[in-house]
>>> print(open('my_file03.txt').read())   # compact mmCIF, C-alpha atoms and all ligand atoms
# COMPACT_ATOMS: atom_id res chain seq x y z
CA MET A 1 118.74 125.95 179.44
CA THR A 2 122.19 124.55 179.03
CA GLN A 3 123.28 121.02 178.46
CA GLN A 4 126.77 120.33 179.73
CA GLY A 5 128.10 117.62 177.46
CA ARG A 6 127.53 113.92 177.65
CA ARG A 7 129.57 111.84 180.03
CA PHE A 8 129.96 111.82 183.78
CA PRO A 9 131.69 111.00 185.95
CA LEU A 10 135.06 111.35 184.38
CA SER A 11 137.91 110.04 186.44
CA LEU A 12 138.73 112.47 189.18
CA SER A 13 142.27 112.88 187.96
CA SER A 14 141.14 113.95 184.51
CA VAL A 15 138.92 116.52 186.14
CA VAL A 16 141.69 117.84 188.31
CA GLU A 17 144.15 117.88 185.45
CA ALA A 18 141.67 119.93 183.50
CA ASP A 19 142.00 122.67 186.11
CA LYS A 20 144.37 124.86 184.20
CA ARG A 21 142.08 127.81 183.85
CA GLY A 22 144.10 130.08 186.08
CA VAL A 23 141.50 132.77 185.59
CA SER A 24 141.32 135.31 188.34
CA LYS A 25 137.85 136.68 188.76
CA GLY A 26 138.43 139.56 191.15
CA VAL A 27 136.42 138.15 193.99
CA ALA A 28 134.48 140.53 196.19
CA MET A 29 134.76 139.99 199.90
CA PRO A 30 131.21 139.57 201.00
CA GLN A 31 129.67 138.53 204.26
CA THR A 32 131.76 136.69 206.75
CA ALA A 33 133.02 133.98 204.47
CA VAL A 34 136.71 134.77 204.54
CA ARG A 35 136.60 135.52 208.23
CA ASN A 36 134.72 132.24 208.72
CA ALA A 37 137.48 130.37 206.97
CA ALA A 38 140.17 132.14 208.97
CA LYS A 39 138.30 131.62 212.23
CA HIS A 40 137.80 127.96 211.45
CA GLN A 41 141.54 127.63 211.03
CA GLN A 42 142.18 129.40 214.33
CA ASP A 43 139.56 127.37 216.16
CA ASN A 44 140.57 124.03 214.67
CA PRO A 45 144.29 124.15 214.09
CA VAL A 46 144.77 120.55 215.14
CA ARG A 47 141.62 119.10 213.69
CA GLN A 48 143.03 118.60 210.24
CA SER A 49 146.22 116.94 211.36
CA SER A 50 144.38 114.87 213.97
CA ILE A 51 142.75 112.87 211.20
CA GLY A 52 146.12 112.03 209.83
CA VAL A 53 146.16 114.01 206.61
CA LYS A 54 149.18 116.05 205.82
CA ALA A 55 147.77 119.36 204.61
CA SER A 56 150.21 120.01 201.80
CA ILE A 57 147.87 122.58 200.27
CA PRO A 58 148.58 125.55 202.50
CA VAL A 59 145.47 126.91 204.17
CA SER A 60 145.81 130.60 204.16
CA THR A 61 143.57 133.64 204.12
CA LYS A 62 145.98 135.39 201.79
CA SER A 63 145.65 134.98 198.05
CA ASP A 64 149.04 133.39 197.80
CA SER A 65 148.30 129.93 196.59
CA ALA A 66 149.18 130.78 193.00
CA THR A 67 152.78 130.37 194.08
CA SER A 68 152.28 127.61 196.62
CA ALA A 69 149.58 125.50 194.95
CA PRO A 70 150.56 121.90 194.35
CA LYS A 71 151.93 120.96 190.95
CA ALA A 72 149.95 118.63 188.69
CA GLY A 73 150.58 115.04 189.67
CA SER A 74 151.26 115.20 193.39
CA GLY A 75 148.58 117.89 193.64
CA ILE A 76 145.90 115.52 192.44
CA LEU A 77 146.66 113.09 195.24
CA VAL A 78 146.93 115.87 197.77
CA SER A 79 143.55 117.32 196.88
CA GLU A 80 141.95 113.87 196.94
CA LYS A 81 143.36 113.22 200.41
CA ILE A 82 142.28 116.58 201.72
CA ARG A 83 138.84 116.05 200.26
CA GLN A 84 138.64 112.64 201.95
CA ALA A 85 139.55 114.35 205.21
CA MET A 86 136.76 116.89 204.63
CA VAL A 87 134.31 114.05 204.15
CA THR A 88 135.55 112.34 207.32
CA ARG A 89 134.84 115.55 209.23
CA ILE A 90 131.38 115.85 207.69
CA ALA A 91 130.64 112.27 208.77
CA GLN A 92 131.91 113.07 212.26
CA GLN A 93 129.46 115.96 212.35
CA GLY A 94 126.62 113.49 211.84
CA VAL A 95 125.98 113.05 208.12
CA LYS A 96 125.42 109.32 207.64
CA ASP A 97 124.14 108.91 204.09
CA ALA A 98 126.90 107.02 202.26
CA LYS A 99 125.67 108.14 198.86
CA VAL A 100 125.91 111.79 199.88
CA LEU A 101 129.33 111.31 201.43
CA GLY A 102 130.48 109.56 198.26
CA ALA A 103 129.26 112.45 196.13
CA MET A 104 131.06 114.96 198.38
CA GLU A 105 134.22 112.94 197.94
CA ALA A 106 133.89 112.78 194.17
CA ILE A 107 133.33 116.47 193.40
CA PRO A 108 136.50 118.60 193.37
CA ARG A 109 135.35 121.66 195.33
CA HIS A 110 138.59 123.50 194.59
CA MET A 111 137.54 123.73 190.95
CA PHE A 112 134.59 125.93 191.91
CA ILE A 113 136.70 128.46 193.76
CA GLU A 114 138.76 131.33 192.48
CA PRO A 115 142.42 130.11 192.26
CA GLY A 116 143.61 132.55 194.93
CA LEU A 117 141.33 130.86 197.48
CA SER A 118 141.61 127.25 196.37
CA GLY A 119 144.00 126.51 199.23
CA GLN A 120 140.93 126.85 201.47
CA ALA A 121 138.66 124.71 199.33
CA TYR A 122 138.44 121.87 201.82
CA VAL A 123 138.05 123.93 204.97
CA ASP A 124 134.50 123.54 206.26
CA ALA A 125 133.48 127.11 205.52
CA SER A 126 131.62 129.18 203.00
CA LEU A 127 133.94 131.17 200.71
CA PRO A 128 133.39 134.18 198.44
CA ILE A 129 132.57 133.58 194.78
CA GLY A 130 132.07 137.21 193.82
CA HIS A 131 128.94 139.39 193.54
CA HIS A 132 128.57 139.26 197.34
CA GLN A 133 127.72 135.57 197.22
CA THR A 134 129.40 132.49 198.65
CA ILE A 135 129.94 128.84 197.91
CA SER A 136 128.11 127.00 200.68
CA GLN A 137 129.88 125.31 203.58
CA PRO A 138 130.53 121.62 202.73
CA TYR A 139 128.84 120.29 205.89
CA ILE A 140 125.56 122.09 205.18
CA VAL A 141 125.58 121.00 201.52
CA ALA A 142 125.90 117.38 202.64
CA ARG A 143 123.35 117.75 205.43
CA MET A 144 120.70 119.36 203.25
CA ILE A 145 121.10 116.77 200.51
CA GLU A 146 120.90 114.00 203.09
CA ILE A 147 117.62 115.44 204.36
CA LEU A 148 116.33 115.85 200.83
CA ARG A 149 117.18 112.27 199.91
CA ASN A 150 115.86 110.73 203.08
CA GLY A 151 117.55 107.48 202.07
CA LYS A 152 115.75 107.31 198.70
CA ASP A 153 116.93 107.84 195.16
CA LEU A 154 115.90 111.19 193.73
CA GLU A 155 114.50 111.61 190.26
CA ARG A 156 114.10 115.32 189.55
CA VAL A 157 115.59 118.00 191.78
CA LEU A 158 115.41 121.78 191.66
CA GLU A 159 118.11 123.95 193.21
CA ILE A 160 117.46 127.65 193.81
CA GLY A 161 120.74 129.56 193.81
CA THR A 162 123.30 127.91 191.51
CA GLY A 163 126.11 130.24 192.58
CA CYS A 164 129.34 128.69 191.32
CA GLY A 165 127.65 125.35 190.56
CA TYR A 166 129.25 123.26 193.32
CA GLN A 167 126.09 121.98 194.98
CA ALA A 168 124.51 121.27 191.59
CA ALA A 169 127.50 119.05 190.81
CA VAL A 170 127.08 117.17 194.10
CA LEU A 171 123.34 116.82 193.42
CA SER A 172 124.05 115.42 189.96
CA LEU A 173 125.51 112.32 191.63
CA VAL A 174 122.46 111.64 193.78
CA ALA A 175 119.60 112.60 191.43
CA LYS A 176 118.67 111.64 187.89
CA GLU A 177 117.96 115.21 186.76
CA VAL A 178 119.11 118.43 188.36
CA TYR A 179 117.65 121.82 187.46
CA SER A 180 119.34 124.84 188.98
CA ILE A 181 118.32 128.50 188.81
CA GLU A 182 120.52 131.55 189.42
CA ARG A 183 119.34 135.19 189.44
CA ILE A 184 122.78 136.80 188.86
CA LYS A 185 123.74 136.47 185.21
CA ALA A 186 127.48 136.58 185.89
CA LEU A 187 127.21 133.69 188.37
CA HIS A 188 125.03 131.70 186.00
CA GLU A 189 127.86 132.08 183.46
CA LEU A 190 130.50 131.23 186.08
CA ALA A 191 128.66 128.01 186.96
CA LYS A 192 128.52 127.05 183.29
CA GLU A 193 132.26 127.65 183.00
CA ASN A 194 133.03 125.69 186.16
CA LEU A 195 130.86 122.73 185.21
CA ARG A 196 131.90 122.51 181.56
CA PRO A 197 135.16 120.54 182.11
CA MET A 198 133.28 118.02 184.25
CA ARG A 199 130.88 117.24 181.42
CA ILE A 200 127.95 116.47 183.66
CA ALA A 201 125.06 115.40 181.48
CA ASN A 202 122.19 115.64 183.96
CA ILE A 203 122.37 119.29 185.06
CA ARG A 204 120.27 122.01 183.43
CA LEU A 205 121.18 125.55 184.39
CA HIS A 206 118.60 128.35 184.20
CA TYR A 207 119.01 132.08 184.54
CA GLY A 208 115.97 133.52 186.31
CA ASP A 209 114.20 134.19 189.57
CA GLY A 210 114.17 130.95 191.51
CA MET A 211 111.40 132.22 193.77
CA LEU A 212 109.07 131.39 190.91
CA GLY A 213 110.50 127.90 190.58
CA LEU A 214 110.29 126.13 187.22
CA PRO A 215 106.59 125.34 186.75
CA GLN A 216 107.22 124.14 183.19
CA VAL A 217 109.40 121.30 184.54
CA ALA A 218 107.59 120.57 187.84
CA PRO A 219 106.85 118.46 189.77
CA PHE A 220 110.13 117.88 191.58
CA ASP A 221 110.67 115.23 194.20
CA GLY A 222 113.29 117.48 195.79
CA ILE A 223 113.69 121.26 195.99
CA ILE A 224 116.71 122.79 197.72
CA LEU A 225 117.24 126.49 198.39
CA ALA A 226 120.78 127.83 198.77
CA ALA A 227 119.63 131.28 199.93
CA ALA A 228 117.47 132.32 202.88
CA GLY A 229 114.14 134.13 202.65
CA MET A 230 111.86 135.15 205.50
CA GLU A 231 109.62 132.32 204.37
CA VAL A 232 109.65 129.64 201.68
CA PRO A 233 108.08 131.03 198.48
CA LYS A 234 104.61 129.50 198.24
CA SER A 235 104.84 128.85 194.50
CA LEU A 236 107.50 126.24 195.27
CA PHE A 237 105.11 124.23 197.46
CA LEU A 238 102.93 123.48 194.43
CA GLN A 239 105.94 122.37 192.40
CA LEU A 240 106.69 119.51 194.80
CA SER A 241 105.43 116.07 193.87
CA ILE A 242 103.31 114.30 196.47
CA GLY A 243 105.83 112.66 198.78
CA GLY A 244 108.42 115.24 197.69
CA ARG A 245 110.65 117.23 200.05
CA LEU A 246 111.85 120.80 200.08
CA ILE A 247 114.70 122.01 202.25
CA ALA A 248 115.40 125.70 202.76
CA PRO A 249 117.16 128.09 205.10
CA VAL A 250 114.65 130.55 206.57
CA GLY A 251 115.18 133.79 208.49
CA SER A 252 117.50 136.78 208.43
CA ARG A 253 120.06 136.91 211.24
CA ASN A 254 118.89 133.78 213.02
CA GLN A 255 118.28 131.25 210.32
CA VAL A 256 117.03 127.70 210.60
CA LEU A 257 116.67 124.91 208.09
CA GLN A 258 113.06 124.23 207.26
CA LEU A 259 111.90 120.93 205.79
CA VAL A 260 108.59 120.96 203.91
CA GLU A 261 107.06 117.64 202.86
CA ARG A 262 104.11 117.41 200.53
CA ILE A 263 102.01 114.70 202.09
CA GLY A 264 98.87 115.07 199.98
CA LYS A 265 97.41 117.08 197.11
CA ASP A 266 96.60 119.96 199.43
CA GLU A 267 98.61 119.00 202.46
CA TRP A 268 102.15 119.93 203.48
CA ARG A 269 104.05 119.29 206.70
CA SER A 270 106.74 121.68 207.87
CA THR A 271 109.52 120.82 210.33
CA THR A 272 112.14 123.17 211.73
CA LEU A 273 115.64 121.71 211.92
CA GLU A 274 119.08 123.04 212.85
CA HIS A 275 120.54 126.56 212.72
CA CYS A 276 122.36 127.66 209.59
CA HIS A 277 123.78 130.72 207.85
CA PHE A 278 123.08 131.58 204.22
CA VAL A 279 123.14 134.59 201.91
CA PRO A 280 119.71 136.18 201.40
CA LEU A 281 117.15 135.13 198.82
CA HIS A 282 116.26 138.08 196.56
CA GLN A 283 113.51 138.65 194.03
CA GLY A 284 114.13 139.34 190.37
CA VAL A 285 117.24 139.00 188.24
CA ILE A 286 120.38 141.08 187.78
N1 LIG B 301 124.59 126.58 195.44
C1 LIG B 301 125.77 127.38 195.71
C2 LIG B 301 125.51 128.44 196.74
C3 LIG B 301 125.38 129.76 196.13
S1 LIG B 301 125.01 131.07 197.25
C4 LIG B 301 126.91 126.46 196.06
O1 LIG B 301 127.05 125.45 195.44
O2 LIG B 301 127.71 126.75 196.93
C5 LIG B 301 123.32 131.34 196.90
C6 LIG B 301 122.98 131.80 195.53
O3 LIG B 301 121.57 132.05 195.50
C7 LIG B 301 123.62 133.11 195.09
O4 LIG B 301 124.37 132.89 193.93
C8 LIG B 301 122.45 134.04 194.84
O5 LIG B 301 122.64 134.92 193.75
C9 LIG B 301 121.35 133.05 194.56
N2 LIG B 301 119.97 133.56 194.71
C10 LIG B 301 119.47 134.37 195.67
N3 LIG B 301 118.16 134.61 195.42
C11 LIG B 301 117.84 133.91 194.30
C12 LIG B 301 116.66 133.76 193.53
N4 LIG B 301 115.51 134.37 193.86
N5 LIG B 301 116.70 132.98 192.44
C13 LIG B 301 117.84 132.36 192.05
N6 LIG B 301 119.00 132.47 192.73
C14 LIG B 301 118.99 133.24 193.84
>>> encode(input="my_file03.txt", output="structure tokens")
Amino acid sequence: MTQQGRRFPLSLSSVVEADKRGVSKGVAMPQTAVRNAAKHQQDNPVRQSSIGVKASIPVSTKSDSATSAPKAGSGILVSEKIRQAMVTRIAQQGVKDAKVLGAMEAIPRHMFIEPGLSGQAYVDASLPIGHHQTISQPYIVARMIEILRNGKDLERVLEIGTGCGYQAAVLSLVAKEVYSIERIKALHELAKENLRPMRIANIRLHYGDGMLGLPQVAPFDGIILAAAGMEVPKSLFLQLSIGGRLIAPVGSRNQVLQLVERIGKDEWRSTTLEHCHFVPLHQGVI
């Protein structure tokens, strides 16, 4: 368990200014993430400019942004504007919850991405974070949290699949306590490193197998899975509070979002929602 300092939120500019890590992590190229990002650019070349934001951070599939990344100062404004544009697109895609949209606007996604890819941070695509894993697509992060919240304030939330820590940071703005589990040690460490400069006090990171949940901390009024299994692990059902909600991608090639609501002590209701695409849920730790 890791406590990440005391105060949050810091002003966005102080967070962005703190981004001087410049550490290159030798990202693997898993899945379709990079191709997704490139395809998105091909498919939507006008979409970014049509909402009136000058994309001064070059969107490129090459790792060239070390030379073309914005300088401190103007870069802060640029990344805020591009992030606002990302949120506008997410709202256009149907996410209505203002609290979720506000959280998406506040969290600097580029700080969770390897510097060579940060030019693509606000493209609506998953991107590689190493170890054959990806940072989730912004739209789906917002959509899942909107479903989880269901218009209500969340107390205690469990995330399975911390990855680089981005979604945990977004969750920290809509829930009182966020617990997040990651099974890959190196990513657990990466998330700690990414979150440290943001000094978010209400996130607890765990290294372990999220399929087991965190029975010692349960019950949770929200559980969110960032990786897809063939079914939702049953142990998680029991860790939901009554009235609590779990949202998870389910399936292999054809995945759907599944919402599970605990409606009584021994009663759950499951609803199948939209299609999605996530990395697989695996057992055990590495
Ligand atoms: N939440 C991340 C998404 C990370 S991708 C974001 O903010 O973008 C999904 C993550 O789930 C991967 O890091 C993967 O290692 C992790 N994962 C897969 N199976 C898991 C399990 N059983 N327990 C914990 N983490 C798991």
>>> residues_near_ligand(input="my_file03.txt", ligand="ligand LIG 301 (chain B)", cutoff="8 Å", atoms="only C-alpha atoms and all ligand atoms", output="PyMOL selection string")
chain A and resi 126+131+133-137+141+159-169+181-184+187+207-212+225-228+278-285
>>> residues_around(input="my_file03.txt", residues="A:Ile147", least_positions_apart="6", cutoff="9 Å", atoms="all atoms listed in the file", output="list in words")
Arg245, Leu246, Ile247 and Leu259 of chain A
>>> residues_around(input="my_file03.txt", residues="A:Val100", least_positions_apart="6", cutoff="9 Å", atoms="all atoms listed in the file", output="list of chain:residue names")
A:Ala142, A:Arg143, A:Ile145, A:Glu146, A:Arg149, A:Val170, A:Leu171, A:Leu173, A:Val174
>>> atom_distance(input="my_file03.txt", atom1="atom CA of A:Met104", atom2="atom CA of A:Arg89")
11.5 Å
>>> residues_around(input="my_file03.txt", residues="A:Phe237", least_positions_apart="3", cutoff="9 Å", atoms="only C-alpha atoms", output="MDAnalysis selection string")
chainID A and resid 232:234 240:241 246 260:262 268
>>> write_last_selection(input="my_file03.txt", atoms="C-alpha atoms", output="PDB file, in the coordinates of the input")
ATOM      1  CA  VAL A 232     109.650 129.640 201.680  1.00  0.00           C
ATOM      2  CA  PRO A 233     108.080 131.030 198.480  1.00  0.00           C
ATOM      3  CA  LYS A 234     104.610 129.500 198.240  1.00  0.00           C
ATOM      4  CA  LEU A 240     106.690 119.510 194.800  1.00  0.00           C
ATOM      5  CA  SER A 241     105.430 116.070 193.870  1.00  0.00           C
ATOM      6  CA  LEU A 246     111.850 120.800 200.080  1.00  0.00           C
ATOM      7  CA  VAL A 260     108.590 120.960 203.910  1.00  0.00           C
ATOM      8  CA  GLU A 261     107.060 117.640 202.860  1.00  0.00           C
ATOM      9  CA  ARG A 262     104.110 117.410 200.530  1.00  0.00           C
ATOM     10  CA  TRP A 268     102.150 119.930 203.480  1.00  0.00           C
TER      11      TRP A 268
END
>>> atom_distance(input="my_file03.txt", atom1="atom CA of A:Ile90", atom2="atom CA of A:Val157")
22.5 Å
>>> atom_distance(input="my_file03.txt", atom1="atom CA of A:Ser180", atom2="atom CA of A:Ala91")
26.0 Å
>>> closest_residue(input="my_file03.txt", among="A:Leu190, A:Ile223, A:Leu158, A:Val78", to="A:Asn202", atoms="only C-alpha atoms")
A:Leu158
>>> closest_residue(input="my_file03.txt", among="A:Asp153, A:Glu80, A:Glu177, A:Glu189", to="A:Asp97", atoms="only C-alpha atoms")
A:Asp153
>>> closest_residue(input="my_file03.txt", among="A:Val123, A:Phe220, A:Glu193, A:Gly213", to="A:Lys176", atoms="only C-alpha atoms")
A:Phe220
>>> closest_residue(input="my_file03.txt", among="A:Asp124, A:Glu114, A:Glu267, A:Glu155", to="A:Asn194", atoms="only C-alpha atoms")
A:Glu114
>>> closest_residue(input="my_file03.txt", among="A:Ile263, A:Ala125, A:Ser172, A:Asn150", to="A:Ile107", atoms="all atoms listed in the file")
A:Ser172
>>> residues_near_point(input="my_file03.txt", point="(109.2, 122.3, 184.4)", cutoff="10 Å", atoms="all atoms listed in the file", output="NGL selection string")
:A and (156 or 158 or 179 or 213-220 or 239)
>>> write_last_selection(input="my_file03.txt", atoms="C-alpha atoms", output="PDB file, keeping the file's coordinate frame")
ATOM      1  CA  ARG A 156     114.100 115.320 189.550  1.00  0.00           C
ATOM      2  CA  LEU A 158     115.410 121.780 191.660  1.00  0.00           C
ATOM      3  CA  TYR A 179     117.650 121.820 187.460  1.00  0.00           C
ATOM      4  CA  GLY A 213     110.500 127.900 190.580  1.00  0.00           C
ATOM      5  CA  LEU A 214     110.290 126.130 187.220  1.00  0.00           C
ATOM      6  CA  PRO A 215     106.590 125.340 186.750  1.00  0.00           C
ATOM      7  CA  GLN A 216     107.220 124.140 183.190  1.00  0.00           C
ATOM      8  CA  VAL A 217     109.400 121.300 184.540  1.00  0.00           C
ATOM      9  CA  ALA A 218     107.590 120.570 187.840  1.00  0.00           C
ATOM     10  CA  PRO A 219     106.850 118.460 189.770  1.00  0.00           C
ATOM     11  CA  PHE A 220     110.130 117.880 191.580  1.00  0.00           C
ATOM     12  CA  GLN A 239     105.940 122.370 192.400  1.00  0.00           C
TER      13      GLN A 239
END
>>> closest_residue(input="my_file03.txt", among="A:Leu273, A:Ala98, A:Glu105, A:Ser79", to="A:Ser118", atoms="all atoms listed in the file")
A:Ser79
